[in-house]
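Trainee: The file below is upload39.txt, compact mmCIF, C-alpha atoms:
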# COMPACT_ATOMS: atom_id res chain seq x y z
CA MET T 655 -15.77 2.01 -154.27
CA LYS T 656 -19.37 2.66 -153.22
CA THR T 657 -22.15 0.29 -154.21
CA THR T 658 -24.80 1.74 -156.51
CA ILE T 659 -28.48 0.85 -156.08
CA LEU T 660 -30.58 1.03 -159.26
CA VAL T 661 -34.28 1.86 -159.02
CA ASP T 662 -36.65 2.21 -161.96
CA ASN T 663 -39.48 3.70 -159.92
CA GLY T 664 -42.51 3.07 -162.13
CA ALA T 665 -46.11 3.84 -161.28
CA SER T 666 -47.09 0.16 -161.46
CA SER T 667 -43.92 -1.62 -160.41
CA ILE T 668 -40.45 -0.88 -159.08
CA LYS T 669 -37.50 -2.53 -160.79
CA LEU T 670 -34.70 -2.75 -158.26
CA GLY T 671 -31.15 -4.11 -158.15
CA VAL T 672 -27.49 -3.47 -157.41
CA ALA T 673 -25.04 -2.28 -160.06
CA ASP T 674 -22.34 -4.66 -158.84
CA GLY T 675 -24.55 -7.65 -159.52
CA SER T 676 -25.82 -9.22 -162.72
CA GLU T 677 -28.56 -7.61 -164.82
CA VAL T 678 -30.74 -10.70 -164.33
CA ASP T 679 -30.77 -10.08 -160.58
CA ALA T 680 -33.35 -7.29 -160.94
CA LYS T 681 -36.30 -7.56 -158.57
CA THR T 682 -39.75 -6.43 -159.69
CA ILE T 683 -41.75 -5.01 -156.81
CA PHE T 684 -45.44 -4.09 -156.79
CA ASN T 685 -45.53 -0.30 -156.23
CA ALA T 686 -48.66 -0.23 -154.09
CA ILE T 687 -50.07 -0.92 -150.66
CA VAL T 688 -52.76 -3.57 -151.05
CA ARG T 689 -55.55 -4.59 -148.69
CA SER T 690 -56.94 -8.08 -149.31
CA LYS T 691 -60.60 -8.54 -148.49
CA GLY T 692 -60.24 -12.32 -148.45
CA ASP T 693 -57.10 -12.50 -146.29
CA LYS T 694 -58.02 -9.35 -144.36
CA THR T 695 -54.35 -8.42 -144.48
CA THR T 696 -52.45 -5.38 -145.72
CA TYR T 697 -49.47 -6.01 -147.99
CA VAL T 698 -46.76 -3.43 -148.62
CA GLY T 699 -44.79 -3.68 -151.86
CA ASP T 700 -43.13 -7.08 -152.24
CA GLU T 701 -45.28 -8.59 -149.49
CA ILE T 702 -48.04 -9.12 -152.08
CA ARG T 703 -46.27 -12.40 -152.94
CA GLN T 704 -47.57 -13.76 -149.64
CA CYS T 705 -51.20 -13.10 -150.61
CA HIS T 706 -53.39 -16.14 -151.31
CA ASP T 707 -56.68 -14.45 -152.18
CA PHE T 708 -56.51 -11.78 -154.89
CA SER T 709 -60.25 -11.12 -155.08
CA SER T 710 -61.57 -7.65 -154.25
CA LEU T 711 -58.15 -6.12 -153.56
CA HIS T 712 -58.09 -2.50 -152.44
CA TYR T 713 -55.16 -0.53 -153.84
CA ARG T 714 -53.38 2.49 -152.45
CA LEU T 715 -51.14 3.75 -155.25
CA PRO T 716 -48.39 6.32 -154.60
CA PHE T 717 -48.70 7.56 -158.20
CA GLU T 718 -51.74 9.42 -159.49
CA LYS T 719 -52.01 10.56 -163.12
CA GLY T 720 -48.36 9.80 -163.67
CA TYR T 721 -46.92 11.75 -160.72
CA LEU T 722 -45.78 10.66 -157.27
CA VAL T 723 -48.22 12.33 -154.88
CA ASP T 724 -48.74 9.93 -151.94
CA TRP T 725 -45.35 10.11 -150.25
CA ASP T 726 -46.54 8.28 -147.11
CA ALA T 727 -47.40 5.23 -149.20
CA GLU T 728 -44.18 5.45 -151.21
CA LYS T 729 -42.11 5.82 -148.05
CA ALA T 730 -43.66 2.66 -146.60
CA ILE T 731 -42.68 0.78 -149.78
CA TRP T 732 -39.18 2.28 -149.95
CA ASP T 733 -38.62 1.48 -146.25
CA SER T 734 -39.08 -2.19 -147.08
CA LEU T 735 -36.58 -1.94 -149.95
CA PHE T 736 -33.82 0.40 -148.78
CA ASN T 737 -32.51 -1.75 -145.96
CA THR T 738 -29.71 -4.23 -145.52
CA ASN T 739 -32.10 -7.18 -145.17
CA PHE T 740 -33.67 -6.83 -148.63
CA LEU T 741 -30.71 -5.97 -150.87
CA GLY T 742 -27.86 -6.67 -148.51
CA VAL T 743 -26.63 -3.09 -149.01
CA ASP T 744 -26.46 -0.20 -146.55
CA PRO T 745 -27.94 2.98 -148.17
CA THR T 746 -25.74 5.24 -146.05
CA ASN T 747 -22.67 3.82 -147.81
CA SER T 748 -24.20 3.63 -151.29
CA SER T 749 -25.09 5.72 -154.32
CA LEU T 750 -28.52 5.69 -155.94
CA LEU T 751 -29.76 5.94 -159.53
CA ILE T 752 -33.53 6.46 -159.64
CA THR T 753 -35.98 7.30 -162.42
CA GLU T 754 -38.64 10.00 -162.30
CA PRO T 755 -41.71 10.83 -164.44
CA TYR T 756 -41.43 12.92 -167.60
CA PHE T 757 -42.11 16.62 -167.00
CA ASN T 758 -41.84 16.05 -163.26
CA LEU T 759 -42.97 19.04 -161.19
CA PRO T 760 -40.34 21.07 -159.28
CA ASN T 761 -41.89 20.61 -155.83
CA ILE T 762 -42.06 16.85 -156.38
CA GLN T 763 -38.41 16.83 -157.45
CA ASP T 764 -37.47 18.67 -154.26
CA THR T 765 -39.28 16.00 -152.23
CA TYR T 766 -37.30 13.31 -154.05
CA ASP T 767 -34.08 15.07 -152.99
CA GLN T 768 -35.20 15.38 -149.38
CA PHE T 769 -36.15 11.71 -149.08
CA ILE T 770 -32.95 10.45 -150.71
CA PHE T 771 -30.52 12.54 -148.69
CA GLU T 772 -32.34 13.32 -145.44
CA GLU T 773 -34.49 10.23 -144.88
CA TYR T 774 -32.30 7.46 -146.32
CA GLU T 775 -28.94 9.30 -146.19
CA PHE T 776 -27.51 8.07 -149.48
CA GLN T 777 -23.96 9.23 -150.19
CA ALA T 778 -24.84 10.38 -153.74
CA TYR T 779 -27.60 10.00 -156.29
CA HIS T 780 -28.69 10.68 -159.84
CA ARG T 781 -32.29 11.25 -160.96
CA CYS T 782 -33.45 11.00 -164.59
CA THR T 783 -36.28 9.83 -166.83
CA PRO T 784 -36.39 6.21 -168.11
CA ALA T 785 -35.97 7.18 -171.79
CA SER T 786 -32.78 9.16 -171.09
CA LEU T 787 -31.11 5.89 -170.02
CA ILE T 788 -31.95 3.99 -173.22
CA PRO T 789 -28.92 5.21 -175.25
CA HIS T 790 -26.70 3.38 -172.75
CA GLY T 791 -28.61 0.09 -173.10
CA SER T 792 -28.82 -2.58 -175.77
CA LEU T 793 -32.21 -1.77 -177.33
CA TYR T 794 -30.59 -0.37 -180.48
CA ALA T 795 -27.57 -2.66 -180.42
CA GLU T 796 -26.68 -4.15 -183.79
CA PRO T 797 -23.56 -6.12 -184.75
CA ALA T 798 -20.64 -3.93 -185.89
CA LEU T 799 -22.75 -0.76 -185.64
CA PRO T 800 -22.55 2.03 -183.04
CA THR T 801 -25.53 3.29 -181.08
CA PRO T 802 -27.46 5.77 -183.26
CA GLU T 803 -27.11 9.44 -182.36
CA CYS T 804 -30.78 10.13 -183.11
CA MET T 805 -33.52 7.88 -181.73
CA LEU T 806 -37.19 8.00 -180.80
CA VAL T 807 -38.25 6.11 -177.67
CA ILE T 808 -41.90 5.10 -177.18
CA ASP T 809 -42.49 4.55 -173.46
CA ALA T 810 -45.89 2.84 -173.15
CA GLY T 811 -46.24 2.97 -169.37
CA PHE T 812 -48.84 2.55 -166.66
CA SER T 813 -50.30 6.07 -166.70
CA PHE T 814 -49.38 7.50 -170.12
CA THR T 815 -47.60 6.71 -173.36
CA HIS T 816 -44.74 9.12 -174.11
CA VAL T 817 -42.98 9.79 -177.39
CA VAL T 818 -39.44 10.87 -176.51
CA PRO T 819 -36.88 11.94 -179.18
CA ILE T 820 -33.23 11.72 -178.11
CA MET T 821 -30.33 13.43 -179.89
CA ASN T 822 -26.71 12.81 -178.87
CA GLY T 823 -27.86 11.27 -175.59
CA ALA T 824 -30.05 14.23 -174.59
CA ILE T 825 -33.85 14.45 -174.73
CA VAL T 826 -35.27 17.03 -177.14
CA TRP T 827 -37.94 18.27 -174.75
CA ASN T 828 -39.79 20.59 -177.12
CA ALA T 829 -40.67 17.55 -179.28
CA VAL T 830 -41.72 15.20 -176.45
CA LYS T 831 -45.40 14.25 -176.80
CA ARG T 832 -47.84 12.34 -174.59
CA VAL T 833 -50.86 10.15 -175.27
CA ASP T 834 -53.10 9.96 -172.20
CA VAL T 835 -53.52 6.19 -172.52
CA GLY T 836 -51.60 3.69 -170.42
CA GLY T 837 -51.95 0.28 -168.88
CA LYS T 838 -54.14 1.55 -166.04
CA LEU T 839 -56.72 3.07 -168.38
CA LEU T 840 -56.83 -0.09 -170.53
CA THR T 841 -57.42 -2.29 -167.48
CA ASN T 842 -60.19 -0.01 -166.17
CA HIS T 843 -61.84 0.08 -169.59
CA LEU T 844 -61.79 -3.72 -169.80
CA LYS T 845 -63.36 -3.88 -166.33
CA GLU T 846 -66.27 -1.74 -167.50
CA LEU T 847 -66.81 -3.76 -170.68
CA VAL T 848 -66.79 -7.10 -168.87
CA SER T 849 -68.99 -5.83 -166.04
CA PHE T 850 -71.55 -4.48 -168.51
CA ARG T 851 -71.64 -7.57 -170.74
CA GLN T 852 -70.99 -10.53 -168.44
CA TRP T 853 -69.74 -10.64 -164.83
CA ASN T 854 -69.53 -7.76 -162.36
CA MET T 855 -65.76 -7.30 -162.13
CA MET T 856 -65.53 -3.67 -161.05
CA ASP T 857 -63.72 -4.62 -157.82
CA GLU T 858 -61.47 -7.22 -159.46
CA THR T 859 -58.64 -5.07 -160.79
CA TYR T 860 -56.00 -7.74 -160.22
CA ILE T 861 -57.94 -10.45 -162.07
CA ILE T 862 -58.92 -8.21 -165.00
CA ASN T 863 -55.32 -7.06 -165.38
CA ASP T 864 -54.32 -10.71 -165.70
CA VAL T 865 -57.09 -11.22 -168.28
CA LYS T 866 -55.77 -8.24 -170.25
CA GLU T 867 -52.21 -9.55 -170.25
CA GLN T 868 -53.20 -13.09 -171.26
CA CYS T 869 -55.96 -12.44 -173.81
CA CYS T 870 -55.61 -9.02 -175.45
CA TYR T 871 -53.76 -8.33 -178.69
CA VAL T 872 -53.45 -5.50 -181.22
CA SER T 873 -55.50 -6.12 -184.36
CA GLN T 874 -53.87 -5.68 -187.78
CA ASN T 875 -57.31 -5.18 -189.36
CA PHE T 876 -59.80 -3.89 -186.81
CA LYS T 877 -62.85 -3.90 -189.07
CA LYS T 878 -62.21 -7.45 -190.30
CA ASP T 879 -61.82 -8.82 -186.76
CA LEU T 880 -64.94 -6.97 -185.65
CA ASP T 881 -66.95 -8.53 -188.50
CA ILE T 882 -65.74 -12.00 -187.52
CA CYS T 883 -67.01 -11.50 -183.96
CA ARG T 884 -70.38 -10.17 -185.19
CA GLU T 885 -71.09 -13.03 -187.60
CA ASN T 886 -70.79 -15.84 -185.07
CA PRO T 887 -70.50 -14.67 -181.44
CA ARG T 888 -68.73 -17.05 -179.03
CA ARG T 889 -67.95 -19.48 -181.85
CA ASN T 890 -65.22 -18.00 -184.00
CA SER T 891 -61.46 -17.94 -184.36
CA ILE T 892 -61.05 -14.91 -182.06
CA VAL T 893 -63.08 -15.80 -178.98
CA GLN T 894 -61.22 -17.15 -175.94
CA GLU T 895 -62.64 -18.63 -172.76
CA TYR T 896 -60.96 -17.43 -169.60
CA ILE T 897 -61.62 -19.57 -166.53
CA LEU T 898 -61.95 -17.20 -163.58
CA PRO T 899 -59.84 -18.07 -160.54
CA ASP T 900 -61.21 -19.86 -157.49
CA TYR T 901 -58.95 -18.92 -154.61
CA SER T 902 -60.87 -21.08 -152.13
CA ALA T 903 -59.76 -24.10 -154.19
CA ASN T 904 -56.30 -22.59 -154.80
CA ARG T 905 -57.01 -22.40 -158.56
CA LEU T 906 -55.58 -19.52 -160.58
CA GLY T 907 -57.23 -17.96 -163.63
CA ARG T 908 -56.22 -19.26 -167.04
CA ILE T 909 -57.30 -19.57 -170.67
CA ARG T 910 -59.29 -22.73 -171.32
CA LYS T 911 -57.65 -25.14 -173.74
CA PRO T 912 -59.70 -26.24 -176.78
CA ASP T 913 -60.18 -29.85 -175.62
CA GLU T 914 -60.37 -29.13 -171.90
CA PRO T 915 -63.65 -30.31 -170.29
CA VAL T 916 -65.72 -27.68 -168.50
CA GLU T 917 -66.48 -28.48 -164.89
CA ASP T 918 -69.62 -27.30 -163.13
CA SER T 919 -67.59 -25.14 -160.75
CA TYR T 920 -65.96 -23.17 -163.57
CA GLN T 921 -66.99 -19.56 -164.14
CA ILE T 922 -66.21 -18.73 -167.75
CA LEU T 923 -65.40 -15.25 -169.02
CA TYR T 924 -65.86 -15.05 -172.80
CA MET T 925 -63.32 -12.70 -174.39
CA GLU T 926 -64.57 -11.72 -177.85
CA ASN T 927 -64.01 -8.30 -179.44
CA GLU T 928 -62.71 -7.08 -176.06
CA ARG T 929 -59.48 -8.85 -176.94
CA PHE T 930 -58.58 -6.28 -179.59
CA SER T 931 -60.92 -3.35 -178.92
CA VAL T 932 -59.18 -2.51 -175.62
CA PRO T 933 -55.60 -2.12 -177.01
CA GLU T 934 -57.11 -0.28 -180.01
CA ILE T 935 -57.50 2.75 -177.73
CA LEU T 936 -53.74 3.33 -178.02
CA PHE T 937 -54.19 3.95 -181.74
CA HIS T 938 -57.62 5.62 -181.55
CA PRO T 939 -58.15 7.39 -178.19
CA ASP T 940 -61.28 9.03 -179.61
CA ASP T 941 -63.02 5.63 -179.36
CA ILE T 942 -63.62 6.42 -175.68
CA GLY T 943 -64.03 10.18 -176.07
CA LEU T 944 -60.41 11.32 -175.61
CA GLU T 945 -59.80 14.25 -177.95
CA GLN T 946 -56.28 13.18 -178.84
CA SER T 947 -54.44 11.78 -181.82
CA GLY T 948 -53.44 8.14 -181.88
CA LEU T 949 -49.93 6.89 -181.22
CA ALA T 950 -48.81 6.81 -184.86
CA THR T 951 -49.99 10.36 -185.57
CA THR T 952 -48.37 11.58 -182.35
CA ILE T 953 -45.05 10.05 -183.40
CA ALA T 954 -45.24 11.76 -186.80
CA HIS T 955 -46.02 15.09 -185.11
CA SER T 956 -43.08 14.71 -182.73
CA ILE T 957 -40.66 13.98 -185.59
CA SER T 958 -41.96 16.97 -187.56
CA LEU T 959 -40.75 19.26 -184.74
CA LEU T 960 -37.15 18.02 -185.07
CA PRO T 961 -34.45 19.37 -187.43
CA GLU T 962 -35.54 18.60 -190.97
CA ASP T 963 -32.20 17.17 -192.10
CA LEU T 964 -32.22 14.66 -189.20
CA GLN T 965 -35.83 13.49 -189.34
CA GLY T 966 -34.96 10.45 -191.44
CA MET T 967 -32.71 9.14 -188.66
CA PHE T 968 -35.55 9.34 -186.14
CA TRP T 969 -37.91 7.45 -188.48
CA ALA T 970 -35.30 4.70 -188.79
CA ASN T 971 -34.60 4.37 -185.03
CA ILE T 972 -37.88 3.98 -183.14
CA GLY T 973 -37.66 1.92 -179.94
CA LEU T 974 -40.41 0.40 -177.76
CA ILE T 975 -40.28 0.10 -173.97
CA GLY T 976 -42.95 -0.19 -171.28
CA GLY T 977 -45.50 -2.86 -170.39
CA SER T 978 -48.19 -1.86 -172.90
CA SER T 979 -45.80 -2.53 -175.79
CA LYS T 980 -45.95 -6.25 -174.93
CA PHE T 981 -49.32 -6.75 -176.64
CA PRO T 982 -48.97 -9.25 -179.50
CA GLY T 983 -49.11 -7.41 -182.82
CA PHE T 984 -48.23 -4.01 -181.29
CA ARG T 985 -45.02 -3.52 -183.27
CA GLU T 986 -46.49 -4.76 -186.57
CA ARG T 987 -49.55 -2.50 -186.33
CA LEU T 988 -47.49 0.55 -185.39
CA LEU T 989 -45.04 -0.13 -188.21
CA SER T 990 -47.80 -0.38 -190.83
CA GLU T 991 -49.39 2.91 -189.70
CA LEU T 992 -46.08 4.76 -189.54
CA ARG T 993 -45.13 3.74 -193.06
CA THR T 994 -48.22 5.52 -194.38
CA LEU T 995 -47.25 8.69 -192.48
CA ALA T 996 -43.50 8.76 -193.12
CA PRO T 997 -42.00 10.59 -196.12
CA VAL T 998 -41.41 8.44 -199.17
CA ASP T 999 -37.62 8.74 -198.94
CA CYS T 1000 -37.50 7.73 -195.24
CA GLY T 1001 -37.22 4.15 -194.07
CA VAL T 1002 -39.13 3.18 -190.93
CA ASP T 1003 -37.73 0.66 -188.46
CA ILE T 1004 -38.92 -0.25 -184.96
CA PHE T 1005 -36.71 -1.87 -182.32
CA GLN T 1006 -38.57 -3.96 -179.75
CA SER T 1007 -37.10 -5.13 -176.47
CA GLN T 1008 -37.44 -8.72 -175.36
CA GLU T 1009 -38.14 -7.42 -171.85
CA PRO T 1010 -39.76 -3.99 -172.34
CA ILE T 1011 -40.64 -3.63 -168.65
CA LEU T 1012 -37.01 -4.16 -167.60
CA GLU T 1013 -35.38 -2.33 -170.52
CA ALA T 1014 -34.89 0.95 -168.61
CA TYR T 1015 -33.40 -0.98 -165.66
CA HIS T 1016 -30.94 -2.81 -167.94
CA ALA T 1017 -29.93 0.52 -169.48
CA ALA T 1018 -29.44 2.01 -165.99
CA HIS T 1019 -27.24 -0.97 -165.13
CA ALA T 1020 -25.06 -0.24 -168.17
CA PHE T 1021 -24.99 3.52 -167.47
CA SER T 1022 -23.83 2.98 -163.87
CA ARG T 1023 -20.68 1.25 -165.19
CA THR T 1024 -19.59 4.18 -167.38
CA PRO T 1025 -17.17 6.94 -166.28
CA GLN T 1026 -19.87 9.48 -167.15
CA PHE T 1027 -22.07 8.23 -164.31
CA THR T 1028 -19.84 9.48 -161.50
CA GLN T 1029 -19.81 12.95 -163.07
CA CYS T 1030 -23.63 13.05 -163.00
CA LEU T 1031 -23.95 12.29 -159.29
CA VAL T 1032 -24.90 14.85 -156.67
CA THR T 1033 -23.17 14.07 -153.39
CA ARG T 1034 -24.67 14.41 -149.95
CA ALA T 1035 -22.13 17.11 -149.11
CA GLU T 1036 -23.23 19.15 -152.13
CA TYR T 1037 -26.85 18.79 -151.10
CA GLN T 1038 -26.13 19.86 -147.53
CA GLU T 1039 -24.36 22.95 -148.85
CA MET T 1040 -26.75 24.01 -151.62
CA GLY T 1041 -29.95 22.01 -151.10
CA SER T 1042 -32.00 21.07 -154.17
CA ASN T 1043 -30.21 23.74 -156.20
CA ALA T 1044 -27.30 21.30 -156.51
CA CYS T 1045 -29.64 18.79 -158.17
CA ARG T 1046 -31.19 21.40 -160.45
CA ARG T 1047 -27.77 22.39 -161.74
CA LYS T 1048 -26.56 18.87 -162.45
CA PHE T 1049 -29.71 16.98 -163.55
CA ARG T 1050 -30.82 17.91 -167.06
CA ASP T 1051 -34.60 17.99 -167.40
CA TRP T 1052 -37.38 19.83 -169.23
CA ARG T 1053 -37.03 22.94 -167.03
CA SER T 1054 -33.37 23.45 -167.87
CA THR T 1055 -34.31 23.55 -171.57
CA ASP T 1056 -37.16 25.99 -171.01
CA THR T 1057 -35.06 28.33 -168.90
CA ALA T 1058 -32.12 28.28 -171.30
CA GLU T 1059 -34.13 29.51 -174.30
CA PRO T 1060 -35.52 32.68 -172.63
CA LYS T 1061 -32.02 33.51 -171.36
CA ALA T 1062 -30.57 33.20 -174.84
CA LYS T 1063 -33.35 35.36 -176.26
CA GLU T 1064 -32.78 37.93 -173.51
CA VAL T 1065 -29.03 38.08 -174.26
CA THR T 1066 -29.73 38.56 -177.98
CA LYS T 1067 -32.29 41.25 -177.19
CA ASN T 1068 -29.87 43.10 -174.90
CA LYS T 1069 -27.15 43.04 -177.56
CA SER T 1070 -29.53 44.42 -180.17
CA THR T 1071 -30.70 47.17 -177.82
CA ALA T 1072 -27.12 48.13 -177.02
CA ARG T 1073 -26.22 48.29 -180.71
CA LEU T 1074 -29.22 50.55 -181.45
CA ARG T 1075 -28.31 52.85 -178.56
CA GLU T 1076 -24.75 53.06 -179.84
CA GLU T 1077 -25.95 54.03 -183.31
CA ASP T 1078 -28.46 56.56 -181.94
CA SER T 1079 -25.82 58.20 -179.77
CA GLY T 1080 -23.55 58.69 -182.82
CA GLY T 1081 -26.27 60.41 -184.90
CA ASP T 1082 -25.17 61.74 -188.30
CA GLU T 1083 -21.65 62.53 -187.07
CA ALA T 1084 -20.33 59.00 -187.47
CA THR T 1085 -16.61 58.54 -186.91
CA PRO T 1086 -14.37 58.04 -189.95
CA SER T 1087 -13.66 54.47 -188.95
CA LYS T 1088 -17.42 53.70 -188.82
CA ARG T 1089 -17.95 55.33 -192.24
CA THR T 1090 -15.15 53.24 -193.69
CA ARG T 1091 -16.54 50.01 -192.26
CA ALA T 1092 -20.06 50.83 -193.48
CA LYS T 1093 -18.78 51.68 -196.94
CA GLY T 1094 -16.68 48.54 -197.03
CA LYS T 1095 -19.70 46.40 -196.18
CA ALA T 1096 -21.72 47.97 -198.98
CA VAL T 1097 -19.00 47.36 -201.55
CA ALA T 1098 -18.44 43.81 -200.36
CA SER T 1099 -22.11 42.96 -200.92
CA VAL T 1100 -21.97 43.83 -204.63
CA PRO T 1101 -21.12 40.88 -206.93
CA SER T 1102 -17.74 41.22 -208.61
CA SER T 1103 -19.24 40.92 -212.10
CA THR T 1104 -21.27 44.12 -211.65
CA ARG T 1105 -18.54 46.32 -210.21
CA ARG T 1106 -17.19 49.19 -212.30
CA LYS T 1107 -13.67 48.81 -213.54
Starting from the file, give its structure as structure tokens.
Mentor:
Amino acid sequence: MKTTILVDNGASSIKLGVADGSEVDAKTIFNAIVRSKGDKTTYVGDEIRQCHDFSSLHYRLPFEKGYLVDWDAEKAIWDSLFNTNFLGVDPTNSSLLITEPYFNLPNIQDTYDQFIFEEYEFQAYHRCTPASLIPHGSLYAEPALPTPECMLVIDAGFSFTHVVPIMNGAIVWNAVKRVDVGGKLLTNHLKELVSFRQWNMMDETYIINDVKEQCCYVSQNFKKDLDICRENPRRNSIVQEYILPDYSANRLGRIRKPDEPVEDSYQILYMENERFSVPEILFHPDDIGLEQSGLATTIAHSISLLPEDLQGMFWANIGLIGGSSKFPGFRERLLSELRTLAPVDCGVDIFQSQEPILEAYHAAHAFSRTPQFTQCLVTRAEYQEMGSNACRRKFRDWRSTDTAEPKAKEVTKNKSTARLREEDSGGDEATPSKRTRAKGKAVASVPSSTRRK
């Protein structure tokens, strides 16, 4: 049996592993080529672990605005991963399960196929979105209960936050919605705030991202927290002091403890209302001029597009994945806002993963062990015979839904046109059998209580 390599190819990080191994064996790889100004060295993917000076890093990201566009950079990263030295697996004798962005463009999908089969020569592969794997995972697992047939997955990723409804294991694409706020935007916004108010950190993306992950939280009462910061700046229950790293002394950045003495060499970054005003953008994008609804309103809109008799099931099965869902207070704030938007007779429940960044990988690991997985694979022989058409036929995505609806409408239209032509050709001289059927229909439509006896 062939070995299966699992790759959750995110815009920020790649989660990588082998299906035959344990779920905990997943490797998280930095999906970027980084140039260190301090070390004067270029690091590709996992090589960033060898870096000693993270100040003024220059990033080359394969993903831009949620889509894979720099294939030279991605190939350099994949070359370091898809080899026998890194995973101990030969790609030419293996299958691959890899994730792709939501609403991925056709020409980008074709490039995926070319790289997988022509560059790395995998025997077979399956390509899908992260949310489509979640029904196979344990996010919604409850004792003595099956996986729900209707669920709503919130994927708070690096570039965007997607609201993805899933019914019977398939994504309902016409109800998928996107909020143009992700981890990258939040980090960049925090950089601007800190650079304007305190230290110039515009070139310190790595450090500010660490500040965001350690200090930021989602406020349950934004106005109240803002008033606390205004009354007594730098001396209140919200403010935190972040000690900036000193790589020359091999000292990493950290939050200063309450009783820790301040040395003269310390550079202190005071995190006040930035702690909660940055994640607040997820719930109010208009705070920074984005003309979009917040996450809670977007979820309500997505559910309103689903079948009315099933909407209650979606309200009761909302799941959170993605790095931005790790903010403390994220689930509680979202739950309180959704309860005000949900119908009175609908219960709202949110399932949160303990490892939201790895949740899609864990679900892929479970999916690769099911009999259904082998049926979803496109083999190298099929690709050599049909090209990317083989992948388009087997991989369900947003285009297959869009193309199916016009075809169905066209078939219905053709049938109606043929029926009209048939009636027109008969004119007034209808055949006896047609008159009988027409008369029978008219009689059948009259209630029995009103018929003459």
Trainee: Can you tell me how far atom CA of Leu1031 of chain T sits from atom CA of His780 of chain T, in Å to one decimal?
Mentor: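 Interatomic distance here is 5.0 Å.
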Trainee: Give me, please, the distance in Å between atom CA of Thr801 of chain T and atom CA of Ala1020 of chain T, quoted to one decimal.
Mentor: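 It comes out at 13.4 Å.
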Trainee: May I have the residues at most 12 Å from (-49.0, 12.6, -154.9) in the file's coordinates, counting all atoms listed in the file, as a list in words?
Mentor: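 Those within range, by chain then number, are Ala665, Arg714, Leu715, Pro716, Phe717, Glu718, Lys719, Gly720, Tyr721, Leu722, Val723, Asp724, Trp725, Asp726, Ala727, Glu728, Lys729, Asn758, Leu759, Asn761, Ile762, Gln763, Thr765 and Tyr766 of chain T.
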Trainee: Could you produce a table of the residues of segment 778-814 of chain T lying within 9 Å of segment 837-853 of chain T, with the nearest pair of atoms per residue and their separation in Å rounded to one decimal, using all atoms listed in the file, ordered by chain and increasing residue number, as JSON lines?
Mentor:
{"residue": "T:Ala810", "atom": "CA", "partner": "T:Gly837", "partner_atom": "CA", "distance": 7.8}
{"residue": "T:Gly811", "atom": "CA", "partner": "T:Gly837", "partner_atom": "CA", "distance": 6.3}
{"residue": "T:Phe812", "atom": "CA", "partner": "T:Gly837", "partner_atom": "CA", "distance": 4.4}
{"residue": "T:Ser813", "atom": "CA", "partner": "T:Lys838", "partner_atom": "CA", "distance": 6.0}
{"residue": "T:Phe814", "atom": "CA", "partner": "T:Gly837", "partner_atom": "CA", "distance": 7.8}
Trainee: Would you mind exporting C-alpha atoms of the selected residues as a compact mmCIF listing (two decimals), keeping the file's coordinate frame?
Mentor:
# COMPACT_ATOMS: atom_id res chain seq x y z
CA ALA T 810 -45.89 2.84 -173.15
CA GLY T 811 -46.24 2.97 -169.37
CA PHE T 812 -48.84 2.55 -166.66
CA SER T 813 -50.30 6.07 -166.70
CA PHE T 814 -49.38 7.50 -170.12
Trainee: So the first atom is atom CA of Tyr871 of chain T and the second is atom CA of Cys705 of chain T; what is the distance between them in Å, to one decimal place?
Mentor: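 That distance, rounded to one decimal, is 28.6 Å.
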Trainee: Would you pick out the contacts of Asp900 of chain T at 10 Å or less, using all atoms listed in the file, so that residues sharing its chain but fewer than 4 positions from it are not included, and give the list as a ChimeraX atom specification?
Mentor: /T:707-709,904-907,919-921
Trainee: Do you know which residues are at most 8 Å from Lys831 of chain T counting all atoms listed in the file, after dropping those on the same chain fewer than 6 positions away, and could you put them as a compact mmCIF listing (two decimals) with C-alpha atoms, in the coordinates of the input?
Mentor:
# COMPACT_ATOMS: atom_id res chain seq x y z
CA HIS T 816 -44.74 9.12 -174.11
CA VAL T 817 -42.98 9.79 -177.39
CA VAL T 818 -39.44 10.87 -176.51
CA THR T 952 -48.37 11.58 -182.35
CA ILE T 953 -45.05 10.05 -183.40
CA SER T 956 -43.08 14.71 -182.73
Trainee: Find the residue from T:Arg910, T:Asp1051, T:Asn886, T:Ser690 that sits nearest to Pro755 of chain T; use only C-alpha atoms when measuring.
Mentor: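 Once distances to Pro755 of chain T are computed over only C-alpha atoms, the minimum belongs to T:Asp1051.
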Trainee: Nearest to Asp1003 of chain T among T:Tyr794, T:Pro912, T:Gly976, T:Glu775, with distances taken over all atoms listed in the file: which residue is it?
Mentor: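 When distances to Asp1003 of chain T are compared using all atoms listed in the file, the smallest one comes from T:Tyr794.
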Trainee: Write out as a list in words which residues come within 8 Å of Leu750 of chain T when counting only C-alpha atoms, dropping same-chain ones fewer than 2 positions away.
Mentor: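 So, after excluding close chain neighbours, the residues are Thr658, Ile659, Leu660, Val661, Ser748, Ile752, Phe776, Ala778, Tyr779 and His780 of chain T.
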Trainee: Quick one: residues within 10 Å of Asp999 of chain T, all atoms listed in the file, excluding same-chain residues fewer than 3 positions away - as number ranges by chain?
Mentor: T: 966, 996, 1002
Trainee: Find the residue from T:Leu1012, T:Ala680, T:Val826, T:Ile935 that sits nearest to Phe876 of chain T; use all atoms listed in the file when measuring.
Mentor: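 Once distances to Phe876 of chain T are computed over all atoms listed in the file, the minimum belongs to T:Ile935.
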Trainee: Taking all listed atoms of segment 971-986 of chain T, build the axis-aligned box, pad each of the six sides by 5 Å, then write its centre and edge lengths in Å to one decimal as lines of an AutoDock Vina configuration file.
Mentor:
center_x = -42.0
center_y = -2.4
center_z = -178.5
size_x = 24.7
size_y = 23.6
size_z = 26.2
